[in-house]
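Let me begin by presenting the structure, written as structure tokens, before commenting on it.
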Amino acid sequence: MPHRPVLPHFAAGRKPAPSADPTETAVPVRTAVVIGGGISGLIAARDLARSGLSVTLLEAGPELGGCVGTHRVAGLALDSGAESFATRSPAVADLVAELGLADAVVSPIPGGAWLQLPGEDVAAAAQPMPQSGMLGIPADLRGPEIVKAIGRAGAARAALDKVLPVGGLARRESVSLGEVVRARMGEAVLRRLVSPVVGGVYSSDPDVLDVDSVAPGLRAALAKHGSLAAAVGSLRAAAPAGSAVAGLAGGMGMLSRALEEDLLARGVKLETGTAVDAVDRAGDGWTVSASGRTFSADALVMATDGPAAVDLLAATVPELAAARPGPGPGVALVTLVVDQPDLDAHPRGTGVLVAAEVDAVDAKALTHATAKWQWLADSTGPGTHVLRLSYGRALSAAAAAGDTRPGPVDREDDDLFAQALADASVLLQVPLGVDDVVGWDVVRWVGALPSAAVGHRDRVASVRAAVEQVPGLEVVGAWLAGTGLAAVTTDTRARIRGLVEQL
Ligand SMILES: Cc1cc2nc3c(=O)[nH]c(=O)nc-3n(C[C@H](O)[C@H](O)[C@H](O)COP(=O)(O)OP(=O)(O)OC[C@H]3O[C@@H](n4cnc5c(N)ncnc54)[C@H](O)[C@@H]3O)c2cc1C
């Protein structure tokens, strides 16, 4: 009689594998609980249900989707968090197609973003964002737009990248992105090109970020090619051609809604407003407690942020405590819907990335959403524009010590609104007043962007190793996979495939 294979690390204390012969005894349906209803939890629940498991998903918040949500401003349904996905892998596009949304995939309106650099004359210090880099690191230092951004002295220093020995940078255990860029290309490239891009994507200063987490493979490519520019060029060449990001006509929030509908159709039990407060081993399975209720399952998937996952698993996987990540940066997003026909000309393309040293504005980035997404411009009509400004940037310890300003998530709504209106006027060089505003909203994200501080890659490796020892457990989410829908989708699906194979 054939036996279901029992993997070695399942052997101790596991239930005997059920018989594969249905005439002998009915094979009980395996059960799974997924904790966290962001994109990783929704994908995990879906792939578990597709594999025949009976799944319950528990989400603390009132809605599913986590960072991929929708809010209404001036009657428009707008993305409250993620608004696009990277197309360097087909992972998100494949998922979207499985959910029947392939026709909704759209590219941004060409034009690209601008870069706001410090300078007395704000308009003169703005320029289109130089292309062909990676996280703002140029692949070709001779491009005129690069020289314009970093100046002749900066370009001369950056050119040393070609001749400097790679030295310890490739060998050291953990290095920040800032250290790598500063050592190879100098301060001007770091502050004027890399910092604005990284601030926009990770809400962090490059000196905070682990280069191996935010640019996997970059140090290996540096060692191989001998210069950072060549390393970036080689990684760029390996990426697919065409637009680097895509969106959904209707907004990325449609992805969360489509996943929710799909889960309901598959019979997955969805429990929102259910914050899990304890997780325990129960024989070979798991019990999960949330607001006085208890859920039992054969398999458990943690799909929360990092600190919550480590805290909830403290009793069952104590090894994780040493790898508990710090809280990620707090971010406030201010969305303005304005009636201002002067913005029809898209004065700063799809938006502006702001260097930290620009004193005239507080925002780290502005997205001109109606200049980026045609579907949105069609729904507002000419003259009406959607602007999204983001606030908050994790600083290095040294920089944070001298910064006494309140964090963005602690600022009052009215204060952030006034700041956003002033910042948008400066960045777009179009005066915007309260009377132009037809709607606005503030969304705060606390701990949603994971910390990718130096050492993060090693932390992830130790979490993975500890989790692998525990039968019936998987841990997913951006804190392990890396920020962004492409990374989260790819990783979650691979992890759930592995978990299903074990069960
Ligand atoms: C403002 C913003 C803009 C972004 N823009 C983009 C973009 O344009 N493109 C892109 O690719 N990526 C973007 N990202 C990143 C991307 O959205 C995230 O990497 C991804 O959505 C993370 O998914 P996740 O499931 O890992 O985590 P989350 O979405 O954070 O979901 C985790 C869920 O777990 C729940 N939870 C936590 N603790 C518990 C508990 N104890 N019990 C039950 N539930 C719990 C939380 O409530 C949350 O819903 C953006 C992120 C932010 C914050």
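Ordering of the structure tokens sets the chain letters (A, B, ...); residue numbers start at 1 within each chain; ligands are numbered from 1 in the order shown.
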Using only C-alpha atoms and all ligand atoms, find each protein or nucleic acid residue lying at most 8 Å from ligand 1; present the set as a PyMOL selection string. chain A and resi 35-42+58-61+63-68+80-86+201+273-277+290+303-305+308-309+312+331-333+390+444-445+447-450+476-479+481-488
Need to verify the contact set: Ala323 in chain A, 12 Å, only C-alpha atoms, exclusion of same-chain residues closer than 3 positions in sequence. Can you return it as a list in words?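 That gives Gly306, Pro307, Ala309, Val310, Asp311, Leu313, Ala314, Val317, Pro318, Glu319, Leu320, Gly326, Ser451, Gly455, His456, Arg457, Asp458, Arg459, Val460, Ala461, Ser462, Val463, Arg464, Ala465, Ala466, Val467, Trp479 and Leu480 of chain A.
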Generate a file of the selected residues that holds N, CA, C and O atoms, formatted as an mmCIF file, in the first residue's frame.
data_model
loop_
_atom_site.group_PDB
_atom_site.id
_atom_site.type_symbol
_atom_site.label_atom_id
_atom_site.label_comp_id
_atom_site.auth_asym_id
_atom_site.auth_seq_id
_atom_site.Cartn_x
_atom_site.Cartn_y
_atom_site.Cartn_z
ATOM 1 N N GLY A 306 6.809 42.004 11.120
ATOM 2 C CA GLY A 306 7.840 41.243 11.813
ATOM 3 C C GLY A 306 7.703 41.229 13.332
ATOM 4 O O GLY A 306 7.694 40.148 13.939
ATOM 5 N N PRO A 307 7.604 42.408 13.982
ATOM 6 C CA PRO A 307 7.519 42.382 15.446
ATOM 7 C C PRO A 307 6.335 41.535 15.936
ATOM 8 O O PRO A 307 6.482 40.765 16.888
ATOM 9 N N ALA A 309 4.877 38.985 14.419
ATOM 10 C CA ALA A 309 5.137 37.561 14.175
ATOM 11 C C ALA A 309 6.070 37.003 15.249
ATOM 12 O O ALA A 309 5.814 35.937 15.825
ATOM 13 N N VAL A 310 7.136 37.731 15.543
ATOM 14 C CA VAL A 310 8.105 37.249 16.535
ATOM 15 C C VAL A 310 7.451 37.167 17.919
ATOM 16 O O VAL A 310 7.597 36.178 18.635
ATOM 17 N N ASP A 311 6.679 38.187 18.281
ATOM 18 C CA ASP A 311 6.049 38.192 19.610
ATOM 19 C C ASP A 311 5.043 37.047 19.739
ATOM 20 O O ASP A 311 4.991 36.372 20.758
ATOM 21 N N LEU A 313 4.999 34.231 18.206
ATOM 22 C CA LEU A 313 5.646 32.915 18.174
ATOM 23 C C LEU A 313 6.658 32.731 19.305
ATOM 24 O O LEU A 313 7.353 31.716 19.368
ATOM 25 N N ALA A 314 6.724 33.720 20.216
ATOM 26 C CA ALA A 314 7.768 33.694 21.253
ATOM 27 C C ALA A 314 7.757 32.390 22.043
ATOM 28 O O ALA A 314 8.816 31.833 22.342
ATOM 29 N N VAL A 317 8.589 29.323 19.231
ATOM 30 C CA VAL A 317 9.869 29.388 18.517
ATOM 31 C C VAL A 317 10.731 30.461 19.202
ATOM 32 O O VAL A 317 10.972 31.541 18.647
ATOM 33 N N PRO A 318 11.226 30.171 20.428
ATOM 34 C CA PRO A 318 11.932 31.228 21.183
ATOM 35 C C PRO A 318 13.180 31.738 20.469
ATOM 36 O O PRO A 318 13.600 32.868 20.708
ATOM 37 N N GLU A 319 13.725 30.925 19.551
ATOM 38 C CA GLU A 319 14.935 31.367 18.816
ATOM 39 C C GLU A 319 14.685 32.654 18.027
ATOM 40 O O GLU A 319 15.621 33.379 17.678
ATOM 41 N N LEU A 320 13.412 32.917 17.724
ATOM 42 C CA LEU A 320 13.124 34.098 16.898
ATOM 43 C C LEU A 320 13.398 35.409 17.633
ATOM 44 O O LEU A 320 13.608 36.449 17.003
ATOM 45 N N GLY A 326 13.321 45.821 14.361
ATOM 46 C CA GLY A 326 12.798 47.058 14.939
ATOM 47 C C GLY A 326 11.558 47.485 14.171
ATOM 48 O O GLY A 326 11.261 46.942 13.100
ATOM 49 N N SER A 451 11.299 47.294 8.677
ATOM 50 C CA SER A 451 12.652 47.814 8.825
ATOM 51 C C SER A 451 13.595 46.935 8.015
ATOM 52 O O SER A 451 13.541 45.718 8.104
ATOM 53 N N GLY A 455 22.016 44.500 8.639
ATOM 54 C CA GLY A 455 21.939 43.215 9.340
ATOM 55 C C GLY A 455 20.650 42.475 9.038
ATOM 56 O O GLY A 455 20.440 41.352 9.496
ATOM 57 N N HIS A 456 19.755 43.113 8.277
ATOM 58 C CA HIS A 456 18.442 42.517 8.044
ATOM 59 C C HIS A 456 18.534 41.192 7.289
ATOM 60 O O HIS A 456 17.804 40.256 7.585
ATOM 61 N N ARG A 457 19.446 41.132 6.332
ATOM 62 C CA ARG A 457 19.555 39.888 5.561
ATOM 63 C C ARG A 457 19.890 38.705 6.489
ATOM 64 O O ARG A 457 19.305 37.630 6.363
ATOM 65 N N ASP A 458 20.769 38.938 7.452
ATOM 66 C CA ASP A 458 21.133 37.858 8.381
ATOM 67 C C ASP A 458 19.963 37.512 9.299
ATOM 68 O O ASP A 458 19.746 36.365 9.650
ATOM 69 N N ARG A 459 19.212 38.572 9.674
ATOM 70 C CA ARG A 459 18.034 38.340 10.524
ATOM 71 C C ARG A 459 17.050 37.441 9.783
ATOM 72 O O ARG A 459 16.513 36.487 10.330
ATOM 73 N N VAL A 460 16.827 37.753 8.522
ATOM 74 C CA VAL A 460 15.885 36.963 7.715
ATOM 75 C C VAL A 460 16.364 35.519 7.632
ATOM 76 O O VAL A 460 15.578 34.578 7.812
ATOM 77 N N ALA A 461 17.651 35.339 7.408
ATOM 78 C CA ALA A 461 18.182 33.972 7.278
ATOM 79 C C ALA A 461 17.970 33.199 8.577
ATOM 80 O O ALA A 461 17.596 32.020 8.554
ATOM 81 N N SER A 462 18.162 33.862 9.725
ATOM 82 C CA SER A 462 18.010 33.108 10.977
ATOM 83 C C SER A 462 16.541 32.821 11.259
ATOM 84 O O SER A 462 16.203 31.770 11.805
ATOM 85 N N VAL A 463 15.651 33.717 10.862
ATOM 86 C CA VAL A 463 14.215 33.436 11.026
ATOM 87 C C VAL A 463 13.834 32.239 10.162
ATOM 88 O O VAL A 463 13.164 31.303 10.612
ATOM 89 N N ARG A 464 14.273 32.263 8.924
ATOM 90 C CA ARG A 464 13.949 31.151 8.012
ATOM 91 C C ARG A 464 14.436 29.818 8.588
ATOM 92 O O ARG A 464 13.737 28.815 8.552
ATOM 93 N N ALA A 465 15.666 29.831 9.116
ATOM 94 C CA ALA A 465 16.246 28.589 9.630
ATOM 95 C C ALA A 465 15.452 28.082 10.837
ATOM 96 O O ALA A 465 15.193 26.881 10.958
ATOM 97 N N ALA A 466 15.037 29.000 11.713
ATOM 98 C CA ALA A 466 14.297 28.581 12.908
ATOM 99 C C ALA A 466 12.917 28.050 12.525
ATOM 100 O O ALA A 466 12.462 27.032 13.044
ATOM 101 N N VAL A 467 12.266 28.724 11.588
ATOM 102 C CA VAL A 467 10.908 28.322 11.192
ATOM 103 C C VAL A 467 10.928 26.963 10.503
ATOM 104 O O VAL A 467 10.014 26.148 10.672
ATOM 105 N N TRP A 479 8.334 41.714 5.665
ATOM 106 C CA TRP A 479 9.507 41.835 6.550
ATOM 107 C C TRP A 479 10.533 40.758 6.235
ATOM 108 O O TRP A 479 11.717 40.939 6.493
ATOM 109 N N LEU A 480 10.102 39.657 5.652
ATOM 110 C CA LEU A 480 11.042 38.612 5.246
ATOM 111 C C LEU A 480 11.295 38.640 3.739
ATOM 112 O O LEU A 480 12.421 38.427 3.278
#
Give me the residues near range 101-108 of chain A as a PDB file with N, CA and C atoms, in the first residue's frame, where near means some atom within 8 Å (using only C-alpha atoms) and where sequence neighbours in that chain fewer than 4 positions away do not count.
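Final file, part26.pdb:
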ATOM      1  N   ALA A  93       1.615  40.028 -12.094  1.00  0.00           N
ATOM      2  CA  ALA A  93       0.788  39.938 -13.306  1.00  0.00           C
ATOM      3  C   ALA A  93       0.145  38.552 -13.406  1.00  0.00           C
ATOM      4  N   VAL A  96      -2.695  38.443 -10.870  1.00  0.00           N
ATOM      5  CA  VAL A  96      -3.782  39.292 -11.358  1.00  0.00           C
ATOM      6  C   VAL A  96      -4.564  38.560 -12.460  1.00  0.00           C
ATOM      7  N   ALA A  97      -3.835  37.875 -13.341  1.00  0.00           N
ATOM      8  CA  ALA A  97      -4.499  37.133 -14.430  1.00  0.00           C
ATOM      9  C   ALA A  97      -5.327  35.982 -13.862  1.00  0.00           C
ATOM     10  N   SER A 243       8.484  49.224 -19.208  1.00  0.00           N
ATOM     11  CA  SER A 243       8.181  49.964 -18.001  1.00  0.00           C
ATOM     12  C   SER A 243       8.467  49.098 -16.777  1.00  0.00           C
ATOM     13  N   VAL A 245       7.231  49.435 -13.801  1.00  0.00           N
ATOM     14  CA  VAL A 245       6.066  49.223 -12.947  1.00  0.00           C
ATOM     15  C   VAL A 245       4.788  49.221 -13.779  1.00  0.00           C
ATOM     16  N   ALA A 246       3.744  48.642 -13.204  1.00  0.00           N
ATOM     17  CA  ALA A 246       2.415  48.666 -13.811  1.00  0.00           C
ATOM     18  C   ALA A 246       1.405  48.895 -12.693  1.00  0.00           C
ATOM     19  N   GLY A 247       0.182  49.185 -13.087  1.00  0.00           N
ATOM     20  CA  GLY A 247      -0.881  49.368 -12.100  1.00  0.00           C
ATOM     21  C   GLY A 247      -2.142  48.676 -12.586  1.00  0.00           C
ATOM     22  N   LEU A 248      -3.222  48.891 -11.861  1.00  0.00           N
ATOM     23  CA  LEU A 248      -4.515  48.356 -12.290  1.00  0.00           C
ATOM     24  C   LEU A 248      -5.451  49.532 -12.535  1.00  0.00           C
ATOM     25  N   ALA A 249      -6.127  49.526 -13.690  1.00  0.00           N
ATOM     26  CA  ALA A 249      -7.120  50.566 -13.956  1.00  0.00           C
ATOM     27  C   ALA A 249      -8.233  50.370 -12.929  1.00  0.00           C
ATOM     28  N   GLY A 250      -8.375  51.326 -12.039  1.00  0.00           N
ATOM     29  CA  GLY A 250      -9.297  51.171 -10.924  1.00  0.00           C
ATOM     30  C   GLY A 250      -8.540  51.171  -9.601  1.00  0.00           C
ATOM     31  N   LYS A 372      -0.065  60.265 -13.749  1.00  0.00           N
ATOM     32  CA  LYS A 372       0.595  58.955 -13.814  1.00  0.00           C
ATOM     33  C   LYS A 372      -0.334  57.886 -14.385  1.00  0.00           C
ATOM     34  N   TRP A 373      -1.620  57.979 -14.021  1.00  0.00           N
ATOM     35  CA  TRP A 373      -2.562  56.920 -14.409  1.00  0.00           C
ATOM     36  C   TRP A 373      -3.689  57.518 -15.261  1.00  0.00           C
ATOM     37  N   GLN A 374      -3.761  57.051 -16.515  1.00  0.00           N
ATOM     38  CA  GLN A 374      -4.775  57.581 -17.426  1.00  0.00           C
ATOM     39  C   GLN A 374      -6.192  57.282 -16.931  1.00  0.00           C
TER      40      GLN A 374
END
From the set A:Leu235, A:Val475, A:Leu270, A:Val334, which residue has the shortest atom-to-atom contact distance to Gly133 in chain A, counting only C-alpha atoms?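 When distances to Gly133 in chain A are compared using only C-alpha atoms, the smallest one comes from A:Leu235.
With only C-alpha atoms as the atoms that count, the residue of A:Asp414, A:Glu187, A:Asp441, A:Asp298 with the shortest distance to Leu499 in chain A is A:Asp298.
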Spatial neighbours of Gln116 in chain A, 10 Å, only C-alpha atoms, chain gap at least 2 places, as a list in words: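 Returned residues: Ala113, Trp114, Pro118, Gly119, Val122, Ala123, Ala124, Ala125, Ala126, Gln127, Pro128, Met129, Ala149, Arg192, Leu193, Pro196, Arg348, Val352, Leu353, Val354, Ala355, Ala356, Glu357, Val358, Val361, Lys364, Ala365 and Leu427 of chain A.
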For a test of reading the model, state the distance in Å between CA of Asp342 in chain A and CA of Asp359 in chain A, rounded to one decimal.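 CA of Asp359 in chain A lies 24.8 Å from CA of Asp342 in chain A.
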Would you please give, as a PyMOL selection string, all residues of range 152-228 of chain A that DSSP assigns to helix (DSSP H, G or I) based on the backbone? chain A and resi 152-162+167-170+177-185+187-202+211-214+218-225+228
Can you check which residues of range 56-115 of chain A DSSP gives as strand (DSSP E) on the backbone and send them as an MDAnalysis selection string? chainID A and resid 56:58 70:73 76:79 85:86 105:106 114:115
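The interatomic distance for the pair CA of Gly433 in chain A and CA of Gly69 in chain A works out to 28.2 Å.
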Atom-to-atom span, CA of Ala158 in chain A and CA of Asp205 in chain A, Å: 19.7 Å
Counting only C-alpha atoms, what is within 9 Å of Phe417 in chain A, bar same-chain residues fewer than 4 positions away, as a ChimeraX atom specification? /A:334-336,412-413,421-422,440-442
Would you mind telling me which residue in A:Gly439, A:Gly186, A:Gly253, A:Gly383 lies nearest to Leu78 in chain A when using only C-alpha atoms?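 Counting only C-alpha atoms, the residue closest to Leu78 in chain A is A:Gly253.
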Using only C-alpha atoms, which of the listed residues (A:Leu432, A:Val426, A:Leu160, A:Leu76) sits closest to Gly251 in chain A?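 Ranked by minimum distance to Gly251 in chain A, first place goes to A:Leu76.
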Rank A:Glu474, A:Leu53, A:Asp423, A:Pro406 by their smallest atom-to-atom distance to Thr492 in chain A, using only C-alpha atoms, and report the top residue only. A:Glu474
